[in-house]
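Heads up, start_16.csv below (CSV, C-alpha atoms and all ligand atoms):
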```
chain,number,residue,atom,x,y,z
J,1,MET,CA,81.7,87.9,150.9
J,2,GLY,CA,78.4,89.6,151.2
J,3,MET,CA,77.8,91.5,147.9
J,4,THR,CA,75.1,94.0,148.0
J,5,ARG,CA,75.1,94.8,144.3
J,6,VAL,CA,72.2,94.2,142.0
J,7,THR,CA,72.1,90.6,141.0
J,8,ALA,CA,70.7,90.4,137.5
J,9,ALA,CA,68.2,87.8,136.3
J,10,GLN,CA,70.8,86.0,134.2
J,11,GLY,CA,73.2,85.1,137.1
J,12,SER,CA,73.1,81.5,138.0
J,13,PRO,CA,72.2,80.4,141.5
J,14,SER,CA,74.7,77.5,141.4
J,15,ALA,CA,77.5,79.8,140.3
J,16,ALA,CA,76.4,82.4,142.9
J,17,ALA,CA,76.9,79.8,145.6
J,18,ILE,CA,80.6,79.3,144.8
J,19,LYS,CA,82.7,80.9,147.5
J,20,ASN,CA,85.9,82.8,146.6
J,21,PRO,CA,88.6,80.6,148.2
J,22,VAL,CA,91.4,83.1,147.5
J,23,ALA,CA,92.0,86.0,149.9
J,24,ALA,CA,92.3,89.3,148.2
J,25,SER,CA,95.9,89.8,149.2
J,26,ALA,CA,98.1,92.3,147.5
J,27,GLU,CA,99.8,89.4,145.7
J,28,SER,CA,96.5,88.0,144.5
J,29,VAL,CA,95.4,91.4,143.2
J,30,ALA,CA,98.8,92.0,141.5
J,31,ASP,CA,98.7,88.6,139.8
J,32,GLY,CA,95.1,89.2,138.8
J,33,LYS,CA,96.1,92.5,137.2
J,34,ARG,CA,99.0,90.9,135.3
J,35,LEU,CA,96.6,88.2,134.0
J,36,TYR,CA,93.9,90.8,133.2
J,37,LEU,CA,96.3,92.9,131.2
J,38,ARG,CA,97.5,89.8,129.3
J,39,HIS,CA,94.1,88.1,128.6
J,40,CYS,CA,91.3,90.6,129.0
J,41,ALA,CA,92.5,94.2,128.3
J,42,SER,CA,92.3,93.7,124.5
J,43,CYS,CA,88.5,93.6,124.8
J,44,HIS,CA,87.6,95.1,128.1
J,45,GLY,CA,90.2,97.9,128.0
J,46,SER,CA,93.3,98.4,130.0
J,47,ASN,CA,91.4,99.9,132.9
J,48,ALA,CA,88.5,97.4,132.6
J,49,GLU,CA,86.2,100.3,131.7
J,50,GLY,CA,84.8,98.5,128.7
J,51,GLY,CA,85.9,98.2,125.0
J,52,PRO,CA,84.3,99.4,121.8
J,53,GLY,CA,84.1,96.0,120.1
J,54,ASN,CA,84.4,95.6,116.4
J,55,ASP,CA,82.7,94.0,113.4
J,56,LEU,CA,83.1,90.6,114.9
J,57,ILE,CA,83.0,91.1,118.7
J,58,PRO,CA,80.3,93.2,120.4
J,59,ALA,CA,81.4,95.9,122.9
J,60,ALA,CA,82.8,94.3,126.0
J,61,PRO,CA,81.2,95.7,129.2
J,62,ASP,CA,82.7,97.9,131.9
J,63,LEU,CA,83.9,95.6,134.7
J,64,THR,CA,84.4,98.4,137.2
J,65,ASP,CA,80.8,99.5,137.5
J,66,SER,CA,78.2,97.9,139.6
J,67,GLU,CA,76.2,96.5,136.6
J,68,TRP,CA,76.7,92.8,136.1
J,69,LYS,CA,74.4,91.4,133.5
J,70,HIS,CA,75.5,87.9,134.3
J,71,GLY,CA,75.5,88.1,138.1
J,72,SER,CA,77.5,90.2,140.5
J,73,THR,CA,78.8,87.6,143.1
J,74,ASP,CA,82.4,86.5,143.0
J,75,GLY,CA,81.1,83.0,142.0
J,76,GLU,CA,79.1,84.3,139.1
J,77,ILE,CA,82.0,86.5,137.8
J,78,PHE,CA,84.3,83.5,138.2
J,79,SER,CA,81.9,81.4,136.3
J,80,ALA,CA,81.6,84.0,133.5
J,81,ILE,CA,85.4,84.0,133.1
J,82,LYS,CA,85.9,80.2,133.4
J,83,ASN,CA,82.9,79.1,131.2
J,84,GLY,CA,82.4,82.2,129.1
J,85,VAL,CA,79.0,83.8,128.5
J,86,PRO,CA,76.7,81.5,126.5
J,87,PRO,CA,75.1,81.2,124.1
J,88,GLU,CA,77.2,83.4,121.7
J,89,LEU,CA,80.4,83.0,123.7
J,90,ASN,CA,81.4,86.5,122.7
J,91,MET,CA,82.9,86.4,126.2
J,92,ILE,CA,85.1,83.3,125.5
J,93,PRO,CA,85.7,80.7,128.2
J,94,PHE,CA,89.1,80.9,129.9
J,95,GLY,CA,88.8,77.6,131.7
J,96,ASP,CA,91.5,75.9,129.6
J,97,GLN,CA,93.9,78.9,129.7
J,98,LEU,CA,93.7,79.9,133.3
J,99,LYS,CA,93.8,77.8,136.4
J,100,ASP,CA,91.0,78.3,138.9
J,101,ALA,CA,93.3,80.1,141.3
J,102,GLU,CA,94.4,82.4,138.6
J,103,ILE,CA,90.7,83.2,137.7
J,104,TRP,CA,90.1,84.0,141.4
J,105,ASN,CA,93.1,86.4,141.3
J,106,VAL,CA,91.5,88.1,138.4
J,107,VAL,CA,88.2,88.4,140.3
J,108,ASN,CA,90.1,89.9,143.3
J,109,TYR,CA,91.7,92.3,140.9
J,110,LEU,CA,88.4,93.4,139.4
J,111,ARG,CA,87.0,93.9,142.9
J,112,SER,CA,90.0,96.0,143.8
J,113,ILE,CA,89.4,98.4,140.9
J,114,ALA,CA,85.6,98.6,141.3
J,115,LYS,CA,84.4,102.2,141.2
J,116,ASN,CA,82.5,101.9,144.5
J,117,ALA,CA,85.2,99.7,146.1
J,118,ALA,CA,84.4,101.4,149.5
J,119,ARG,CA,84.0,98.0,151.1
J,120,PRO,CA,87.2,96.0,151.5
J,121,ALA,CA,86.6,92.4,150.6
J,122,ALA,CA,86.1,90.2,153.6
J,123,GLY,CA,89.4,89.1,155.0
J,124,ALA,CA,91.3,91.5,152.8
J,125,PRO,CA,93.8,93.8,154.3
J,126,PRO,CA,92.4,97.3,153.8
J,127,GLN,CA,95.6,98.3,152.0
J,128,SER,CA,94.7,96.3,148.9
J,129,ALA,CA,92.6,99.2,147.8
J,130,ALA,CA,95.8,101.3,147.8
J,131,ALA,CA,97.1,99.2,144.9
J,132,ALA,CA,96.2,102.2,142.7
J,133,PRO,CA,99.5,103.7,141.7
J,134,THR,CA,98.2,107.3,142.1
J,135,MET,CA,97.7,106.7,145.8
J,136,ARG,CA,101.3,105.8,146.5
J,137,ARG,CA,102.8,108.3,148.7
J,138,GLY,CA,106.1,109.9,147.8
J,139,SER,CA,106.0,108.8,144.2
J,140,ILE,CA,106.9,110.9,141.3
J,141,ALA,CA,104.2,111.3,138.5
J,142,VAL,CA,104.7,108.4,136.1
J,143,ASP,CA,104.6,108.9,132.3
J,144,PRO,CA,101.4,107.0,131.3
J,145,ALA,CA,103.4,105.2,128.6
J,146,LEU,CA,105.5,103.6,131.3
J,147,GLN,CA,102.8,103.0,133.8
J,148,GLN,CA,102.3,99.4,132.9
J,149,LEU,CA,106.0,98.6,133.3
J,150,VAL,CA,106.1,100.5,136.6
J,151,ASP,CA,103.1,98.5,137.8
J,152,ARG,CA,104.8,95.3,137.0
J,153,ALA,CA,108.0,96.3,138.7
J,154,VAL,CA,106.1,97.4,141.8
J,155,ALA,CA,104.1,94.1,141.8
J,156,ASP,CA,107.3,92.1,141.4
J,157,LEU,CA,109.1,94.0,144.2
J,158,ALA,CA,106.1,93.7,146.5
J,159,GLN,CA,106.0,90.0,146.0
J,160,ARG,CA,109.8,89.6,146.4
J,161,LEU,CA,109.9,91.5,149.7
J,162,ASN,CA,106.5,90.5,150.8
J,163,VAL,CA,105.4,94.1,151.4
J,164,ASP,CA,102.3,95.9,150.4
J,165,ARG,CA,102.5,97.7,147.0
J,166,SER,CA,101.4,100.9,148.7
J,167,SER,CA,104.6,101.0,150.7
J,168,ILE,CA,106.6,101.2,147.5
J,169,ALA,CA,107.3,104.6,146.0
J,170,VAL,CA,108.6,105.4,142.5
J,171,VAL,CA,111.8,107.4,142.5
J,172,GLU,CA,112.3,107.5,138.8
J,173,ALA,CA,110.8,106.0,135.6
J,174,ARG,CA,112.2,106.8,132.3
J,175,ALA,CA,112.5,105.4,128.8
J,176,MET,CA,116.0,104.2,128.0
J,177,VAL,CA,117.9,102.9,125.0
J,178,TRP,CA,120.3,100.3,126.4
J,179,PRO,CA,123.5,99.9,124.4
J,180,ASP,CA,123.3,96.1,124.3
J,181,ALA,CA,121.2,93.2,125.4
J,182,ALA,CA,122.6,93.3,129.0
J,183,MET,CA,120.3,96.3,129.4
J,184,GLY,CA,122.6,98.0,131.8
J,185,CYS,CA,122.7,95.0,134.1
J,186,PRO,CA,125.4,92.6,132.9
J,187,ARG,CA,126.0,89.4,134.7
J,188,PRO,CA,129.6,88.6,135.1
J,189,GLY,CA,130.9,86.1,132.6
J,190,LEU,CA,128.0,86.4,130.2
J,191,MET,CA,128.3,87.8,126.6
J,192,TYR,CA,125.5,89.9,125.3
J,193,PRO,CA,124.5,90.6,121.7
J,194,GLN,CA,125.6,94.1,120.8
J,195,VAL,CA,122.2,95.3,119.8
J,196,GLN,CA,120.5,98.4,121.1
J,197,GLN,CA,117.5,97.7,123.2
J,198,GLU,CA,114.7,100.1,123.8
J,199,GLY,CA,113.4,99.9,127.3
J,200,ALA,CA,113.0,101.6,130.6
J,201,LEU,CA,114.7,102.2,133.9
J,202,ILE,CA,112.6,102.2,136.9
J,203,ARG,CA,113.9,103.0,140.4
J,204,LEU,CA,111.7,102.1,143.4
J,205,THR,CA,112.1,102.7,147.1
J,206,THR,CA,110.7,101.0,150.1
J,207,GLY,CA,111.9,100.4,153.7
J,208,GLY,CA,114.7,102.9,153.1
J,209,ARG,CA,116.4,100.9,150.3
J,210,GLU,CA,116.4,101.5,146.6
J,211,TYR,CA,115.8,99.0,143.9
J,212,ALA,CA,116.5,99.4,140.2
J,213,TYR,CA,114.4,97.6,137.6
J,214,HIS,CA,115.5,97.5,134.0
J,215,SER,CA,113.5,96.4,131.0
J,216,GLY,CA,114.0,96.3,127.3
J,217,GLY,CA,112.9,94.6,124.1
J,218,SER,CA,110.2,92.1,125.1
J,219,ARG,CA,111.7,91.5,128.5
J,220,PRO,CA,109.6,92.7,131.4
J,221,PRO,CA,111.2,94.8,134.1
J,222,PHE,CA,113.6,92.7,136.1
J,223,LEU,CA,115.4,93.6,139.4
J,224,CYS,CA,119.0,94.6,138.6
J,225,GLU,CA,120.8,93.4,141.7
J,226,PRO,CA,124.1,95.0,142.5
C,1,LIG,C1,87.3,88.6,122.7
C,1,LIG,C2,86.9,89.7,123.6
C,1,LIG,C3,86.9,89.4,125.1
C,1,LIG,C4,87.9,88.9,125.9
C,1,LIG,C5,89.3,88.6,125.5
C,1,LIG,C6,87.4,88.9,127.2
C,1,LIG,N1,86.1,89.3,127.3
C,1,LIG,FE1,84.9,89.3,128.9
C,1,LIG,N2,83.3,89.8,127.7
C,1,LIG,C7,83.3,90.1,126.4
C,1,LIG,C8,82.0,90.4,125.9
C,1,LIG,C9,81.6,90.8,124.4
C,1,LIG,C10,81.1,90.3,127.0
C,1,LIG,C11,79.6,90.4,127.0
C,1,LIG,C12,79.0,89.0,126.8
C,1,LIG,C13,77.5,89.0,126.8
C,1,LIG,O1,76.9,89.7,127.6
C,1,LIG,O2,77.0,88.2,126.0
C,1,LIG,C14,82.0,89.9,128.1
C,1,LIG,C15,81.5,89.7,129.4
C,1,LIG,C16,82.3,89.5,130.5
C,1,LIG,C17,81.8,89.4,131.9
C,1,LIG,C18,80.4,89.4,132.3
C,1,LIG,C19,80.0,90.9,132.6
C,1,LIG,C20,78.7,91.1,133.2
C,1,LIG,O3,78.1,92.2,133.0
C,1,LIG,O4,78.1,90.2,133.8
C,1,LIG,C21,82.9,89.2,132.7
C,1,LIG,C22,82.9,89.1,134.2
C,1,LIG,C23,84.1,89.3,131.8
C,1,LIG,N3,83.7,89.4,130.5
C,1,LIG,C24,85.4,89.2,132.3
C,1,LIG,C25,86.5,89.0,131.4
C,1,LIG,C26,87.8,88.6,131.9
C,1,LIG,C27,88.2,88.6,133.4
C,1,LIG,C28,88.5,88.4,130.8
C,1,LIG,C29,90.0,87.9,130.8
C,1,LIG,C30,90.3,86.7,131.5
C,1,LIG,C31,87.7,88.6,129.7
C,1,LIG,N4,86.5,89.0,130.1
C,1,LIG,C32,88.1,88.5,128.3
C,1,LIG,C33,84.5,90.1,125.6
C,1,LIG,C34,85.7,89.6,126.0
```
Take the structure in this file and express it as structure tokens.
Amino acid sequence: MGMTRVTAAQGSPSAAAIKNPVAASAESVADGKRLYLRHCASCHGSNAEGGPGNDLIPAAPDLTDSEWKHGSTDGEIFSAIKNGVPPELNMIPFGDQLKDAEIWNVVNYLRSIAKNAARPAAGAPPQSAAAAPTMRRGSIAVDPALQQLVDRAVADLAQRLNVDRSSIAVVEARAMVWPDAAMGCPRPGLMYPQVQQEGALIRLTTGGREYAYHSGGSRPPFLCEP
């Protein structure tokens, strides 16, 4: 992919030469986002716009702007994530926690949220830029507190149906207190602990059908099939 961004002095030529082998499909971007939120958001912020740091860890840089101190090619970003940023390793290496393919998904996700993401990545369907929830047509406005759950539900449905995330609209998203651990979606023959679960109900629509996702406790949104 031809990157035209400023390549900084500290990028490594050998890392720069690594080609991104994973197409920036909607699935790759969705998986990258999931991994990003799990492993990176605590330091770089949930929108990757940088974190403040603390007494022990210096501020983590914005990953959506065009400034890359350690190189701006996909290969260099991949290398920064896999091997960390020496010598201090304030940016810790993720090579033992994430598989290479997962790291590429994170790279694809970061590309998809770049502020000047005007250029679609080579080989990527142009719709991948439409992964931003605000661009989804026909969607209701989502309470920011539920946005992350909604994004996960949308990503899951997109993957299940093999459709683009931008074709999925949010019909309803609201916080719920489920009466028991079945979370409004009991499976026949199963018994559920009678404990209230705080969670959410998310209704999505695509292709003229509606899909209900329930979540609660620590369980991520799951499709409640009729
Ligand atoms: C413990 C906090 C922390 C976590 C967790 C973390 N980072 Fe970092 N990251 C940093 C810091 C601090 C830097 C700046 C390092 C430096 O310049 O020495 C950095 C730098 C980077 C860079 C280089 C940026 C540039 O300007 O070249 C990338 C890319 C990056 N991080 C991506 C990620 C990704 C992706 C994840 C999750 C897989 C992640 N980071 C997790 C703290 C963190």
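Distances to Ser72 of chain J were evaluated for J:Pro93, J:Gly11, J:Pro21, J:Gly53 using only C-alpha atoms, and the minimum falls at J:Gly11.
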Task: All residues 9 Å or closer to Ile77 of chain J, only C-alpha atoms, same chain fewer than 6 positions away omitted, as a PyMOL selection string - done: chain J and resi 11+15-16+68+70-71+107
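Here the question is which of J:Leu37, J:Val171, J:Ile140, J:Cys185 gets nearest to ligand LIG 1 (chain C) using only C-alpha atoms and all ligand atoms, and that residue is J:Leu37.
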Wanna dump the chain J-ligand LIG 1 (chain C) contacts at 8 Å for me, each residue with its shortest atom pair and the distance in Å to one decimal, counting all atoms listed in the file, ordered by chain and number, as JSON lines?
```
{"residue": "J:Gly11", "atom": "CA", "partner": "C:LIG1", "partner_atom": "O4", "distance": 7.8}
{"residue": "J:Leu35", "atom": "CA", "partner": "C:LIG1", "partner_atom": "C30", "distance": 6.9}
{"residue": "J:Tyr36", "atom": "CA", "partner": "C:LIG1", "partner_atom": "C29", "distance": 5.4}
{"residue": "J:Arg38", "atom": "CA", "partner": "C:LIG1", "partner_atom": "C29", "distance": 7.9}
{"residue": "J:His39", "atom": "CA", "partner": "C:LIG1", "partner_atom": "C29", "distance": 4.7}
{"residue": "J:Cys40", "atom": "CA", "partner": "C:LIG1", "partner_atom": "C29", "distance": 3.5}
{"residue": "J:Ala41", "atom": "CA", "partner": "C:LIG1", "partner_atom": "C5", "distance": 7.0}
{"residue": "J:Ser42", "atom": "CA", "partner": "C:LIG1", "partner_atom": "C5", "distance": 6.0}
{"residue": "J:Cys43", "atom": "CA", "partner": "C:LIG1", "partner_atom": "C2", "distance": 4.4}
{"residue": "J:His44", "atom": "CA", "partner": "C:LIG1", "partner_atom": "N1", "distance": 6.0}
{"residue": "J:Gly53", "atom": "CA", "partner": "C:LIG1", "partner_atom": "C9", "distance": 7.2}
{"residue": "J:Ile57", "atom": "CA", "partner": "C:LIG1", "partner_atom": "C9", "distance": 5.9}
{"residue": "J:Pro58", "atom": "CA", "partner": "C:LIG1", "partner_atom": "C9", "distance": 4.8}
{"residue": "J:Ala59", "atom": "CA", "partner": "C:LIG1", "partner_atom": "C9", "distance": 5.3}
{"residue": "J:Ala60", "atom": "CA", "partner": "C:LIG1", "partner_atom": "C8", "distance": 4.0}
{"residue": "J:Pro61", "atom": "CA", "partner": "C:LIG1", "partner_atom": "C10", "distance": 5.8}
{"residue": "J:Asp62", "atom": "CA", "partner": "C:LIG1", "partner_atom": "O3", "distance": 7.4}
{"residue": "J:Leu63", "atom": "CA", "partner": "C:LIG1", "partner_atom": "C19", "distance": 6.5}
{"residue": "J:Glu67", "atom": "CA", "partner": "C:LIG1", "partner_atom": "O3", "distance": 5.9}
{"residue": "J:Trp68", "atom": "CA", "partner": "C:LIG1", "partner_atom": "O3", "distance": 3.5}
{"residue": "J:Lys69", "atom": "CA", "partner": "C:LIG1", "partner_atom": "O3", "distance": 3.8}
{"residue": "J:His70", "atom": "CA", "partner": "C:LIG1", "partner_atom": "O4", "distance": 3.5}
{"residue": "J:Gly71", "atom": "CA", "partner": "C:LIG1", "partner_atom": "O4", "distance": 5.4}
{"residue": "J:Ser72", "atom": "CA", "partner": "C:LIG1", "partner_atom": "O4", "distance": 6.7}
{"residue": "J:Glu76", "atom": "CA", "partner": "C:LIG1", "partner_atom": "C22", "distance": 7.8}
{"residue": "J:Ile77", "atom": "CA", "partner": "C:LIG1", "partner_atom": "C22", "distance": 4.5}
{"residue": "J:Phe78", "atom": "CA", "partner": "C:LIG1", "partner_atom": "C22", "distance": 7.0}
{"residue": "J:Ala80", "atom": "CA", "partner": "C:LIG1", "partner_atom": "C22", "distance": 5.3}
{"residue": "J:Ile81", "atom": "CA", "partner": "C:LIG1", "partner_atom": "C24", "distance": 5.3}
{"residue": "J:Gly84", "atom": "CA", "partner": "C:LIG1", "partner_atom": "C16", "distance": 7.4}
{"residue": "J:Val85", "atom": "CA", "partner": "C:LIG1", "partner_atom": "O2", "distance": 5.4}
{"residue": "J:Pro86", "atom": "CA", "partner": "C:LIG1", "partner_atom": "O2", "distance": 6.7}
{"residue": "J:Pro87", "atom": "CA", "partner": "C:LIG1", "partner_atom": "O2", "distance": 7.5}
{"residue": "J:Glu88", "atom": "CA", "partner": "C:LIG1", "partner_atom": "O2", "distance": 6.4}
{"residue": "J:Leu89", "atom": "CA", "partner": "C:LIG1", "partner_atom": "O2", "distance": 6.6}
{"residue": "J:Asn90", "atom": "CA", "partner": "C:LIG1", "partner_atom": "C9", "distance": 4.6}
{"residue": "J:Met91", "atom": "CA", "partner": "C:LIG1", "partner_atom": "C7", "distance": 3.7}
{"residue": "J:Ile92", "atom": "CA", "partner": "C:LIG1", "partner_atom": "C4", "distance": 6.3}
{"residue": "J:Phe94", "atom": "CA", "partner": "C:LIG1", "partner_atom": "C30", "distance": 6.1}
{"residue": "J:Leu98", "atom": "CA", "partner": "C:LIG1", "partner_atom": "C30", "distance": 7.8}
{"residue": "J:Ile103", "atom": "CA", "partner": "C:LIG1", "partner_atom": "C30", "distance": 7.1}
{"residue": "J:Val106", "atom": "CA", "partner": "C:LIG1", "partner_atom": "C27", "distance": 6.0}
{"residue": "J:Val107", "atom": "CA", "partner": "C:LIG1", "partner_atom": "C27", "distance": 6.9}
{"residue": "J:Leu110", "atom": "CA", "partner": "C:LIG1", "partner_atom": "C27", "distance": 7.7}
```
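Each of J:Leu223, J:Trp178, J:Gly207, J:Ala169 was checked against Pro193 of chain J using all atoms listed in the file; the smallest atom-to-atom distance is that of J:Trp178.
Non-sequential neighbours of Ser218 of chain J (distance at most 10 Å, separation of 2 or more positions within a chain, all atoms listed in the file) are J:Gln197, J:Glu198, J:Gly199, J:Ser215, J:Gly216, J:Pro220, J:Pro221.
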Under the rule of at most 12 Å, produce a per-residue listing of segment 32-69 of chain J near segment 153-164 of chain J: chain, number, name, the closest pair of atoms, and the distance in Å, as CSV, using only C-alpha atoms.
```
residue,atom,partner,partner_atom,distance
J:Gly32,CA,J:Ala155,CA,10.7
J:Lys33,CA,J:Ala155,CA,9.4
J:Arg34,CA,J:Ala155,CA,8.9
```
- [ ] Using atom CA of Asp180 of chain J and atom CA of Cys224 of chain J as the two end points, give the distance in Å to one decimal.
- [x] 15.0 Å
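You can rank J:Val22, J:Val195, J:Leu190, J:Leu149 by their closest distance to Ala173 of chain J using all atoms listed in the file, and at the top of that list sits J:Leu149.
For the pair atom CA of Asn105 of chain J and atom CA of Leu146 of chain J, the separation is 23.4 Å.
Taking atom CA of Val150 of chain J and atom CA of Val170 of chain J as the two end points, the separation is 8.1 Å.
Residue nearest Leu204 of chain J within the list J:Ala48, J:Ile168, J:Val142, J:Ala23: J:Ile168 [criterion: smallest interatomic distance, only C-alpha atoms].
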